[in-house]
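Quick look at protein_31.pdb (PDB, C-alpha atoms and all ligand atoms):
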MODEL        1
ATOM      1  CA  MET A   1     -10.962  16.851  16.056
ATOM      2  CA  ILE A   2      -7.712  15.454  14.613
ATOM      3  CA  PHE A   3      -7.186  12.855  11.873
ATOM      4  CA  ARG A   4      -3.690  11.316  11.803
ATOM      5  CA  ALA A   5      -2.371   9.221   8.941
ATOM      6  CA  ARG A   6       1.342   8.506   9.439
ATOM      7  CA  GLN A   7       3.177  11.828   8.810
ATOM      8  CA  PHE A   8      -0.046  13.673   7.947
ATOM      9  CA  GLU A   9      -2.248  15.459  10.440
ATOM     10  CA  PHE A  10      -5.547  17.165   9.612
ATOM     11  CA  VAL A  11      -7.169  19.333  12.241
ATOM     12  CA  PHE A  12     -10.931  19.904  11.903
ATOM     13  CA  PRO A  13     -12.763  22.210  11.506
ATOM     14  CA  ARG A  14     -10.997  23.021   8.231
ATOM     15  CA  PRO A  15     -12.077  23.023   4.574
ATOM     16  CA  ALA A  16     -13.328  19.578   3.623
ATOM     17  CA  LEU A  17     -10.852  17.180   2.058
ATOM     18  CA  ILE A  18     -11.491  15.888  -1.441
ATOM     19  CA  MET A  19     -10.342  12.312  -2.016
ATOM     20  CA  GLY A  20      -9.696  11.727  -5.737
ATOM     21  CA  VAL A  21     -10.464   8.263  -7.138
ATOM     22  CA  VAL A  22      -7.770   6.396  -9.095
ATOM     23  CA  ASN A  23      -9.085   3.022 -10.264
ATOM     24  CA  VAL A  24      -6.307   0.766 -11.558
ATOM     25  CA  THR A  25      -8.890  -1.768 -12.709
ATOM     26  CA  PRO A  26     -10.309  -3.083 -15.972
ATOM     27  CA  ASP A  27     -13.899  -3.178 -14.657
ATOM     28  CA  SER A  28     -14.784  -0.233 -12.400
ATOM     29  CA  PHE A  29     -18.240   1.078 -13.202
ATOM     30  CA  SER A  30     -17.398   4.511 -14.582
ATOM     31  CA  ASP A  31     -13.727   4.477 -15.603
ATOM     32  CA  GLY A  32     -12.824   0.771 -15.782
ATOM     33  CA  GLY A  33      -9.806   0.120 -18.039
ATOM     34  CA  ARG A  34      -8.830   3.773 -18.514
ATOM     35  CA  PHE A  35      -5.997   3.749 -15.973
ATOM     36  CA  LEU A  36      -4.937   0.110 -15.932
ATOM     37  CA  LYS A  37      -1.378   0.852 -17.087
ATOM     38  CA  PRO A  38       0.746   2.290 -14.236
ATOM     39  CA  GLU A  39       1.826   5.307 -16.344
ATOM     40  CA  ALA A  40      -1.815   6.160 -17.091
ATOM     41  CA  ALA A  41      -2.808   5.794 -13.435
ATOM     42  CA  VAL A  42       0.114   7.943 -12.243
ATOM     43  CA  ALA A  43      -0.649  10.630 -14.841
ATOM     44  CA  HIS A  44      -4.309  10.621 -13.798
ATOM     45  CA  ALA A  45      -3.386  10.854 -10.111
ATOM     46  CA  LEU A  46      -1.088  13.825 -10.775
ATOM     47  CA  GLU A  47      -3.872  15.468 -12.766
ATOM     48  CA  LEU A  48      -6.271  14.995  -9.817
ATOM     49  CA  VAL A  49      -3.765  16.631  -7.465
ATOM     50  CA  GLY A  50      -3.514  19.526  -9.917
ATOM     51  CA  ARG A  51      -7.301  19.811  -9.819
ATOM     52  CA  GLY A  52      -7.323  20.059  -6.038
ATOM     53  CA  ALA A  53      -7.366  16.529  -4.618
ATOM     54  CA  ASP A  54      -6.246  16.463  -0.970
ATOM     55  CA  ILE A  55      -5.991  12.652  -0.863
ATOM     56  CA  LEU A  56      -5.478  10.071  -3.645
ATOM     57  CA  ASP A  57      -7.398   6.794  -3.299
ATOM     58  CA  ILE A  58      -5.699   4.047  -5.329
ATOM     59  CA  GLY A  59      -7.670   0.844  -5.912
ATOM     60  CA  GLY A  60      -6.849  -2.344  -7.810
ATOM     61  CA  GLU A  61     -10.085  -4.273  -7.256
ATOM     62  CA  SER A  62     -13.462  -2.999  -8.384
ATOM     63  CA  THR A  63     -16.099  -2.732  -5.652
ATOM     64  CA  ARG A  64     -19.040  -2.113  -7.985
ATOM     65  CA  PRO A  65     -22.016  -4.449  -7.423
ATOM     66  CA  GLY A  66     -21.376  -7.777  -9.151
ATOM     67  CA  ALA A  67     -17.640  -7.203  -9.702
ATOM     68  CA  GLU A  68     -15.446 -10.308  -9.811
ATOM     69  CA  PRO A  69     -12.934 -10.665  -6.953
ATOM     70  CA  VAL A  70      -9.247 -10.195  -7.822
ATOM     71  CA  GLY A  71      -6.375 -12.325  -6.469
ATOM     72  CA  GLU A  72      -3.824 -10.792  -4.138
ATOM     73  CA  ALA A  73      -0.915 -11.071  -6.595
ATOM     74  CA  GLU A  74      -2.858  -9.376  -9.375
ATOM     75  CA  GLU A  75      -4.080  -6.596  -7.080
ATOM     76  CA  LEU A  76      -0.512  -5.966  -5.906
ATOM     77  CA  ARG A  77       0.706  -5.968  -9.506
ATOM     78  CA  ARG A  78      -1.817  -3.252 -10.322
ATOM     79  CA  VAL A  79      -1.414  -0.890  -7.365
ATOM     80  CA  LEU A  80       2.171  -1.163  -6.122
ATOM     81  CA  PRO A  81       3.953   0.458  -9.096
ATOM     82  CA  VAL A  82       1.465   3.305  -8.974
ATOM     83  CA  ILE A  83       1.948   3.907  -5.244
ATOM     84  CA  GLU A  84       5.724   3.592  -5.523
ATOM     85  CA  GLN A  85       5.858   6.192  -8.293
ATOM     86  CA  LEU A  86       3.468   8.586  -6.587
ATOM     87  CA  ALA A  87       4.910   8.348  -3.076
ATOM     88  CA  GLY A  88       7.965  10.440  -3.883
ATOM     89  CA  ARG A  89       6.125  12.861  -6.158
ATOM     90  CA  VAL A  90       2.998  14.083  -4.389
ATOM     91  CA  GLN A  91       2.577  16.088  -1.187
ATOM     92  CA  VAL A  92      -0.865  14.612  -0.428
ATOM     93  CA  PRO A  93      -1.535  11.350   1.431
ATOM     94  CA  ILE A  94      -2.038   8.228  -0.660
ATOM     95  CA  SER A  95      -4.870   5.945   0.374
ATOM     96  CA  ILE A  96      -4.988   2.274  -0.593
ATOM     97  CA  ASP A  97      -8.499   1.075  -1.389
ATOM     98  CA  THR A  98      -8.312  -2.613  -0.499
ATOM     99  CA  ILE A  99      -9.993  -5.238   1.625
ATOM    100  CA  LYS A 100      -6.870  -7.455   1.768
ATOM    101  CA  PRO A 101      -4.560  -7.061   4.776
ATOM    102  CA  ALA A 102      -1.499  -8.161   2.755
ATOM    103  CA  VAL A 103      -2.194  -5.603   0.027
ATOM    104  CA  ALA A 104      -2.701  -2.905   2.662
ATOM    105  CA  ARG A 105       0.586  -3.799   4.340
ATOM    106  CA  ALA A 106       2.545  -3.778   1.050
ATOM    107  CA  ALA A 107       0.941  -0.475   0.054
ATOM    108  CA  LEU A 108       1.816   1.087   3.425
ATOM    109  CA  ALA A 109       5.395  -0.174   3.071
ATOM    110  CA  ALA A 110       5.487   1.461  -0.389
ATOM    111  CA  GLY A 111       4.367   4.838   1.000
ATOM    112  CA  ALA A 112       0.579   4.793   1.344
ATOM    113  CA  CYS A 113      -0.713   6.518   4.492
ATOM    114  CA  ILE A 114      -4.402   5.560   4.669
ATOM    115  CA  VAL A 115      -6.221   2.236   4.308
ATOM    116  CA  ASN A 116      -9.679   2.614   2.772
ATOM    117  CA  ASP A 117     -11.387  -0.592   3.883
ATOM    118  CA  VAL A 118     -14.808  -1.203   2.327
ATOM    119  CA  ALA A 119     -14.967  -4.477   4.271
ATOM    120  CA  ALA A 120     -14.569  -2.989   7.738
ATOM    121  CA  SER A 121     -17.244  -5.446   8.856
ATOM    122  CA  ARG A 122     -14.530  -8.132   8.894
ATOM    123  CA  GLU A 123     -14.187 -10.415  11.917
ATOM    124  CA  ASP A 124     -10.429 -10.956  11.672
ATOM    125  CA  ASP A 125      -8.202  -8.171  13.061
ATOM    126  CA  THR A 126      -5.093  -8.678  10.851
ATOM    127  CA  MET A 127      -5.949  -5.583   8.807
ATOM    128  CA  TRP A 128      -6.294  -3.449  11.927
ATOM    129  CA  ARG A 129      -3.033  -4.661  13.467
ATOM    130  CA  GLY A 130      -1.228  -3.582  10.277
ATOM    131  CA  VAL A 131      -2.914  -0.171  10.410
ATOM    132  CA  ALA A 132      -1.880   0.179  14.067
ATOM    133  CA  GLU A 133       1.715  -0.810  13.354
ATOM    134  CA  PHE A 134       2.133   1.785  10.584
ATOM    135  CA  LYS A 135       0.083   4.425  12.478
ATOM    136  CA  ALA A 136      -1.871   4.772   9.254
ATOM    137  CA  GLY A 137      -5.226   6.430   8.750
ATOM    138  CA  TYR A 138      -8.157   4.025   8.432
ATOM    139  CA  VAL A 139     -11.482   4.480   6.656
ATOM    140  CA  CYS A 140     -13.998   2.280   8.456
ATOM    141  CA  MET A 141     -16.833   1.837   5.952
ATOM    142  CA  HIS A 142     -20.148   0.139   6.600
ATOM    143  CA  ALA A 143     -21.133  -2.564   4.101
ATOM    144  CA  ARG A 144     -23.395  -5.590   4.017
ATOM    145  CA  GLY A 145     -22.161  -8.611   2.064
ATOM    146  CA  THR A 146     -19.568  -8.544  -0.715
ATOM    147  CA  PRO A 147     -19.705  -6.820  -4.114
ATOM    148  CA  GLN A 148     -21.054 -10.129  -5.467
ATOM    149  CA  THR A 149     -23.931 -10.378  -2.956
ATOM    150  CA  MET A 150     -24.480  -6.933  -1.469
ATOM    151  CA  GLN A 151     -27.411  -5.845  -3.609
ATOM    152  CA  GLU A 152     -29.404  -9.069  -3.098
ATOM    153  CA  ASN A 153     -32.368  -7.639  -1.200
ATOM    154  CA  PRO A 154     -30.640  -5.783   1.660
ATOM    155  CA  VAL A 155     -32.976  -5.415   4.640
ATOM    156  CA  TYR A 156     -32.656  -3.155   7.697
ATOM    157  CA  ALA A 157     -35.176  -2.365  10.426
ATOM    158  CA  ASP A 158     -33.629   1.127  10.684
ATOM    159  CA  VAL A 159     -30.576   1.650   8.476
ATOM    160  CA  VAL A 160     -29.454   4.860  10.219
ATOM    161  CA  ARG A 161     -29.575   3.293  13.682
ATOM    162  CA  GLU A 162     -27.886   0.067  12.507
ATOM    163  CA  VAL A 163     -25.025   1.888  10.767
ATOM    164  CA  GLY A 164     -24.528   3.989  13.937
ATOM    165  CA  GLU A 165     -24.394   0.815  16.061
ATOM    166  CA  PHE A 166     -21.891  -0.688  13.618
ATOM    167  CA  PHE A 167     -19.621   2.365  14.015
ATOM    168  CA  GLN A 168     -19.783   2.173  17.821
ATOM    169  CA  GLU A 169     -18.933  -1.517  17.824
ATOM    170  CA  ARG A 170     -16.067  -1.088  15.308
ATOM    171  CA  LEU A 171     -14.545   1.848  17.175
ATOM    172  CA  GLY A 172     -14.308  -0.448  20.213
ATOM    173  CA  ARG A 173     -12.744  -3.302  18.246
ATOM    174  CA  LEU A 174     -10.326  -1.039  16.384
ATOM    175  CA  GLY A 175      -9.183   0.393  19.701
ATOM    176  CA  ALA A 176      -8.656  -3.124  21.062
ATOM    177  CA  ALA A 177      -6.494  -3.900  18.005
ATOM    178  CA  GLY A 178      -4.298  -0.871  18.737
ATOM    179  CA  VAL A 179      -5.750   1.649  16.264
ATOM    180  CA  ALA A 180      -6.069   5.059  17.987
ATOM    181  CA  ALA A 181      -9.359   6.903  17.606
ATOM    182  CA  ASN A 182      -7.586   9.772  15.836
ATOM    183  CA  GLN A 183      -6.513   7.398  13.031
ATOM    184  CA  ILE A 184     -10.135   6.572  12.158
ATOM    185  CA  VAL A 185     -12.605   8.055   9.660
ATOM    186  CA  LEU A 186     -16.179   6.730   9.431
ATOM    187  CA  ASP A 187     -18.120   6.150   6.204
ATOM    188  CA  VAL A 188     -21.763   5.017   5.896
ATOM    189  CA  GLY A 189     -20.946   3.152   2.668
ATOM    190  CA  ILE A 190     -23.473   4.521   0.189
ATOM    191  CA  GLY A 191     -24.425   1.736  -2.234
ATOM    192  CA  PHE A 192     -22.792  -1.094  -0.287
ATOM    193  CA  GLY A 193     -25.637  -3.444   0.610
ATOM    194  CA  LYS A 194     -28.272  -0.691   0.502
ATOM    195  CA  THR A 195     -31.335   0.069  -1.589
ATOM    196  CA  VAL A 196     -32.015   3.526  -3.045
ATOM    197  CA  GLU A 197     -34.287   4.144  -0.043
ATOM    198  CA  HIS A 198     -31.545   3.155   2.443
ATOM    199  CA  ASN A 199     -29.048   5.441   0.676
ATOM    200  CA  LEU A 200     -31.478   8.362   0.799
ATOM    201  CA  GLN A 201     -32.200   7.779   4.492
ATOM    202  CA  LEU A 202     -28.471   7.775   5.245
ATOM    203  CA  LEU A 203     -27.904  10.931   3.194
ATOM    204  CA  ALA A 204     -30.764  12.700   4.971
ATOM    205  CA  ASN A 205     -29.438  11.755   8.404
ATOM    206  CA  LEU A 206     -25.682  12.200   8.055
ATOM    207  CA  ARG A 207     -25.750  14.791  10.836
ATOM    208  CA  SER A 208     -26.605  12.029  13.342
ATOM    209  CA  PHE A 209     -23.159  10.420  12.841
ATOM    210  CA  THR A 210     -21.303  13.581  13.868
ATOM    211  CA  THR A 211     -21.896  12.593  17.520
ATOM    212  CA  MET A 212     -19.223   9.882  17.072
ATOM    213  CA  ALA A 213     -16.548  12.610  17.197
ATOM    214  CA  ARG A 214     -14.704  11.185  14.185
ATOM    215  CA  PRO A 215     -14.391  12.722  10.702
ATOM    216  CA  LEU A 216     -16.981  11.430   8.248
ATOM    217  CA  LEU A 217     -16.228  10.433   4.660
ATOM    218  CA  ILE A 218     -18.801   9.860   1.952
ATOM    219  CA  GLY A 219     -18.617   8.409  -1.558
ATOM    220  CA  VAL A 220     -21.555   9.197  -3.821
ATOM    221  CA  SER A 221     -19.730  10.057  -7.032
ATOM    222  CA  ARG A 222     -21.524   8.694 -10.142
ATOM    223  CA  LYS A 223     -23.094   5.866  -8.100
ATOM    224  CA  SER A 224     -25.855   3.651  -9.441
ATOM    225  CA  PHE A 225     -28.514   4.807  -6.937
ATOM    226  CA  ILE A 226     -28.412   8.160  -8.771
ATOM    227  CA  GLY A 227     -29.169   6.338 -12.014
ATOM    228  CA  GLN A 228     -31.939   4.323 -10.350
ATOM    229  CA  LEU A 229     -33.569   7.412  -8.847
ATOM    230  CA  LEU A 230     -33.147   9.845 -11.728
ATOM    231  CA  GLY A 231     -32.622   7.662 -14.801
ATOM    232  CA  ALA A 232     -29.207   9.234 -15.487
ATOM    233  CA  GLY A 233     -26.491   7.256 -17.288
ATOM    234  CA  VAL A 234     -23.144   6.807 -15.553
ATOM    235  CA  GLN A 235     -21.539   9.762 -17.359
ATOM    236  CA  GLU A 236     -24.562  12.000 -16.649
ATOM    237  CA  ARG A 237     -24.492  11.837 -12.850
ATOM    238  CA  LEU A 238     -22.231  14.764 -11.997
ATOM    239  CA  PRO A 239     -24.986  17.243 -11.000
ATOM    240  CA  ALA A 240     -26.586  14.745  -8.618
ATOM    241  CA  SER A 241     -23.171  13.709  -7.266
ATOM    242  CA  LEU A 242     -22.409  17.362  -6.494
ATOM    243  CA  ALA A 243     -25.830  17.869  -4.888
ATOM    244  CA  CYS A 244     -25.134  14.928  -2.550
ATOM    245  CA  ALA A 245     -21.631  16.238  -1.791
ATOM    246  CA  CYS A 246     -23.012  19.689  -0.855
ATOM    247  CA  LEU A 247     -25.729  18.120   1.293
ATOM    248  CA  ALA A 248     -23.055  16.053   3.028
ATOM    249  CA  ILE A 249     -20.929  19.132   3.726
ATOM    250  CA  ALA A 250     -23.950  20.967   5.136
ATOM    251  CA  SER A 251     -24.554  17.913   7.372
ATOM    252  CA  GLY A 252     -21.044  17.946   8.866
ATOM    253  CA  VAL A 253     -19.135  15.531   6.583
ATOM    254  CA  GLN A 254     -15.400  16.308   6.275
ATOM    255  CA  ILE A 255     -14.144  14.134   3.375
ATOM    256  CA  ILE A 256     -15.738  13.641  -0.061
ATOM    257  CA  ARG A 257     -14.570  10.787  -2.313
ATOM    258  CA  ALA A 258     -14.987  11.876  -5.933
ATOM    259  CA  HIS A 259     -14.057  11.150  -9.539
ATOM    260  CA  ASP A 260     -14.699  14.737 -10.698
ATOM    261  CA  VAL A 261     -12.299  16.514  -8.386
ATOM    262  CA  ALA A 262     -12.257  20.097  -9.733
ATOM    263  CA  GLU A 263     -16.060  20.244  -9.927
ATOM    264  CA  THR A 264     -16.402  18.801  -6.423
ATOM    265  CA  VAL A 265     -13.865  21.262  -4.998
ATOM    266  CA  GLN A 266     -15.824  24.163  -6.488
ATOM    267  CA  ALA A 267     -19.203  22.939  -5.236
ATOM    268  CA  VAL A 268     -17.853  22.184  -1.759
ATOM    269  CA  ARG A 269     -16.015  25.509  -1.379
ATOM    270  CA  MET A 270     -19.171  27.381  -2.373
ATOM    271  CA  THR A 271     -21.198  25.445   0.199
ATOM    272  CA  GLU A 272     -18.600  26.090   2.891
ATOM    273  CA  ALA A 273     -18.443  29.805   2.083
ATOM    274  CA  ALA A 274     -22.195  30.164   2.531
ATOM    275  CA  LEU A 275     -22.285  27.962   5.670
ATOM    276  CA  SER A 276     -19.562  30.057   7.304
ATOM    277  CA  ARG A 277     -21.998  33.026   7.230
ATOM    278  CA  LYS A 278     -24.781  31.146   8.965
ATOM    279  CA  LYS A 279     -26.256  33.137  11.850
ATOM    280  CA  ILE A 280     -27.377  30.285  14.088
TER
HETATM  281  C1  LIG A 301     -13.811   2.193  -2.924
HETATM  282  N1  LIG A 301     -15.082   2.868  -2.705
HETATM  283  C2  LIG A 301     -16.126   2.913  -3.565
HETATM  284  N2  LIG A 301     -17.134   3.610  -3.017
HETATM  285  C3  LIG A 301     -16.710   4.005  -1.792
HETATM  286  C4  LIG A 301     -17.296   4.733  -0.742
HETATM  287  O1  LIG A 301     -18.541   5.176  -0.814
HETATM  288  N3  LIG A 301     -16.584   4.948   0.368
HETATM  289  C5  LIG A 301     -15.304   4.467   0.473
HETATM  290  N4  LIG A 301     -14.643   4.706   1.614
HETATM  291  N5  LIG A 301     -14.706   3.771  -0.497
HETATM  292  C6  LIG A 301     -15.406   3.536  -1.601
ENDMDL
END

Is it possible to express this structure as structure tokens?
Ligand code: 9MG
Amino acid sequence: MIFRARQFEFVFPRPALIMGVVNVTPDSFSDGGRFLKPEAAVAHALELVGRGADILDIGGESTRPGAEPVGEAEELRRVLPVIEQLAGRVQVPISIDTIKPAVARAALAAGACIVNDVAASREDDTMWRGVAEFKAGYVCMHARGTPQTMQENPVYADVVREVGEFFQERLGRLGAAGVAANQIVLDVGIGFGKTVEHNLQLLANLRSFTTMARPLLIGVSRKSFIGQLLGAGVQERLPASLACACLAIASGVQIIRAHDVAETVQAVRMTEAALSRKKI
């Protein structure tokens, strides 16, 4: 299986990719405000690469439940200087975490290679046409609602089946918009319009999405369902985040989105080393 993102090509099976989170926002749930200045965000991104990040995910609009939307101009003001400075300095692909087609396009023009779209449930195909034009990678994430509404009593008859149907339908529409299958990564969207129970069901059944023949990405790092289940504060969720990451790797996931990159690399490499000795 191949994942192409402009000049980058990843051939799986291979060691899982760790996507390091760089939030250029004042209000993200675990590091809001820390990297709002471009110099701070760039320094943090370089530090994440030094710790083993294979991809950098740069975001200028918080997607935590209840977060206020950000205007296009402000989002561009936050992310573009960071992408411009990083593009010439790092050897790893830069991902733009945005739901706005114009922000994605500007980020791609500035050197980003992947669009991480947490609103892949969109009806309009402008975002996808931009991805096709740049031959960029595309993270197609399942979500219900917007950050403002997504945790208002989400209901599914069978969350695993419905997310699988969503992926099938989107793969068809992405193809129709000119995005090749090998540009696409699928993500179940832990915490996006899901209860703790839904998140646990998805985590337990990640293996079922490997039949889609596309790399799978998962983001569990420090998320609130860990706090709801275990009563851990946002800075106390690393052990549970790593447990979920290892479970995901053992279930066939190829990309882990994480704040704590060095710790995630270590946990994932250990899991992979043991799995590679499996007899059946
Ligand atoms: C931006 N963002 C926050 N959580 C995420 C997740 O779980 N997956 C992806 N693709 N992006 C996320």

Please define a box with edges along x, y and z of the file around all atoms of ligand LIG 301 (chain A) given in the file, extend it by 3 Å on each side, and return its centre and edge lengths in Å to one decimal, as lines of an AutoDock Vina configuration file.
center_x = -16.2
center_y = 3.7
center_z = -1.0
size_x = 10.7
size_y = 9.0
size_z = 11.2

Exercise for the section: Name the residues, by chain letter and number, that sit within 10 Å of ligand LIG 301 (chain A) using all atoms listed in the file, and give them as number ranges by chain. Expected result: A: 19, 21-23, 28, 57-64, 95-99, 115-120, 138-143, 185-192, 216-223, 255-258

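The residue set within 10 Å of Ile18 in chain A, counting only C-alpha atoms and dropping same-chain residues fewer than 4 places from it, reads Leu48, Val49, Gly52, Ala53, Asp54, Ile55, Leu56, Leu217, Gln254, Ile255, Ile256, Arg257, Ala258, His259, Asp260, Val261, Ala262, Thr264, Val265 and Val268 of chain A.
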
Problem - Residues within 10 Å of Ala136 in chain A, only C-alpha atoms, excluding chain neighbours under 5 positions, as a list in words - result: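 Here the qualifying residues turn out to be Arg4, Ala5, Arg6, Gln7, Phe8, Ser95, Leu108, Ala112, Cys113, Ile114, Val115, Trp128, Gly130, Val131, Val179, Ala180, Gln183 and Ile184 of chain A.
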
Practice task
Using the chain letters and numbering of this document, enumerate as a PyMOL selection string the residues selected by the PyMOL selection byres (((chain A and resi 83) around 7) and not hetatm).
Solution key: chain A and resi 79-82+84-87+107+110-112

Go ahead and save the residues from that selection, with C-alpha atoms, as an mmCIF file, in the frame of the given file.
data_model
loop_
_atom_site.group_PDB
_atom_site.id
_atom_site.type_symbol
_atom_site.label_atom_id
_atom_site.label_comp_id
_atom_site.auth_asym_id
_atom_site.auth_seq_id
_atom_site.Cartn_x
_atom_site.Cartn_y
_atom_site.Cartn_z
ATOM 1 C CA VAL A 79 -1.414 -0.890 -7.365
ATOM 2 C CA LEU A 80 2.171 -1.163 -6.122
ATOM 3 C CA PRO A 81 3.953 0.458 -9.096
ATOM 4 C CA VAL A 82 1.465 3.305 -8.974
ATOM 5 C CA GLU A 84 5.724 3.592 -5.523
ATOM 6 C CA GLN A 85 5.858 6.192 -8.293
ATOM 7 C CA LEU A 86 3.468 8.586 -6.587
ATOM 8 C CA ALA A 87 4.910 8.348 -3.076
ATOM 9 C CA ALA A 107 0.941 -0.475 0.054
ATOM 10 C CA ALA A 110 5.487 1.461 -0.389
ATOM 11 C CA GLY A 111 4.367 4.838 1.000
ATOM 12 C CA ALA A 112 0.579 4.793 1.344
#

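Interatomic distance, CA of Gln201 in chain A to CA of Pro154 in chain A: 13.9 Å.
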
Problem - Residue members of the PyMOL selection byres (((chain A and resi 148) around 8) and not hetatm) in the file shown, as a VMD selection string - result: chain A and resid 65 to 68 145 to 147 149 to 151

Completion exercise
In Å and to one decimal, CA of Val160 in chain A is distant from CA of Leu203 in chain A by 9.4 Å

Practice task
Step by step: start from the point (-8.5, -6.8, -11.2) in the file's coordinates, keep every protein, DNA or RNA residue that has an atom no farther than 8 Å from it, count only C-alpha atoms, and write the set as a ChimeraX atom specification.
Solution key: /A:24-27,60-62,68-71,74-75,78

Atoms to include: C-alpha atoms. Write the selected residues as a short mmCIF file (atom, residue, chain, number, x, y, z; two decimals), keeping the file's coordinate frame.
data_model
loop_
_atom_site.label_atom_id
_atom_site.label_comp_id
_atom_site.auth_asym_id
_atom_site.auth_seq_id
_atom_site.Cartn_x
_atom_site.Cartn_y
_atom_site.Cartn_z
CA VAL A 24 -6.31 0.77 -11.56
CA THR A 25 -8.89 -1.77 -12.71
CA PRO A 26 -10.31 -3.08 -15.97
CA ASP A 27 -13.90 -3.18 -14.66
CA GLY A 60 -6.85 -2.34 -7.81
CA GLU A 61 -10.09 -4.27 -7.26
CA SER A 62 -13.46 -3.00 -8.38
CA GLU A 68 -15.45 -10.31 -9.81
CA PRO A 69 -12.93 -10.66 -6.95
CA VAL A 70 -9.25 -10.20 -7.82
CA GLY A 71 -6.38 -12.32 -6.47
CA GLU A 74 -2.86 -9.38 -9.38
CA GLU A 75 -4.08 -6.60 -7.08
CA ARG A 78 -1.82 -3.25 -10.32
#

Practice task
Can you work out which one of A:Cys244, A:Ala181, A:Ala41, A:Leu206 has the shortest atom-to-atom distance to Arg161 in chain A, counting all atoms listed in the file?
Solution key: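 For Arg161 in chain A, the nearest of the candidates is A:Leu206.
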
Exercise for the section: Considering only C-alpha atoms, state which residue in the set A:Met1, A:Leu76, A:Ala213, A:Leu230 is at the smallest distance from Gln168 in chain A. Expected result: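 With only C-alpha atoms as the atom set, the closest residue is A:Ala213.
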
Problem - Spatial neighbours of range 273-280 of chain A, max dist 10 Å, only C-alpha atoms, sep filter under 5 positions, as a list in words - result: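 In the requested format, the answer is Pro15, Ile249, Ala250 and Val268 of chain A.
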
Mind dumping the selected residues with C-alpha atoms as a JSON list (two decimals), keeping the file's coordinate frame?
[["chain", "number", "residue", "atom", "x", "y", "z"],
["A", 15, "PRO", "CA", -12.08, 23.02, 4.57],
["A", 249, "ILE", "CA", -20.93, 19.13, 3.73],
["A", 250, "ALA", "CA", -23.95, 20.97, 5.14],
["A", 268, "VAL", "CA", -17.85, 22.18, -1.76]]

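Between CA of His198 in chain A and CA of Asn153 in chain A the separation is 11.4 Å.
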
Practice task
Write out as a list of chain:residue names which residues come within 7 Å of range 232-236 of chain A when counting all atoms listed in the file, dropping same-chain ones fewer than 5 positions away.
Solution key: A:Ser30, A:Arg222, A:Ile226, A:Gly227

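Distance annotation: of A:Glu123, A:Glu169, A:Glu263, A:Glu197, the residue with the minimal separation from Phe225 in chain A is A:Glu197; atom set is only C-alpha atoms.
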
Exercise for the section: Could you tell me which of A:Met270, A:Ala106, A:Leu229, A:Ala132 comes closest to Gly175 in chain A if we count all atoms listed in the file? Expected result: A:Ala132

Practice task
Determine the nearest neighbour of Arg89 in chain A from the options A:Ala104, A:Val196, A:Ala45, A:Val163, counting only C-alpha atoms.
Solution key: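 Between A:Ala104, A:Val196, A:Ala45, A:Val163, the residue approaching Arg89 in chain A most closely is A:Ala45.
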
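Nearest residue to Leu202 in chain A among A:Gly164, A:Gly33, A:Gly88, A:Gly137 is A:Gly164, counting all atoms listed in the file.
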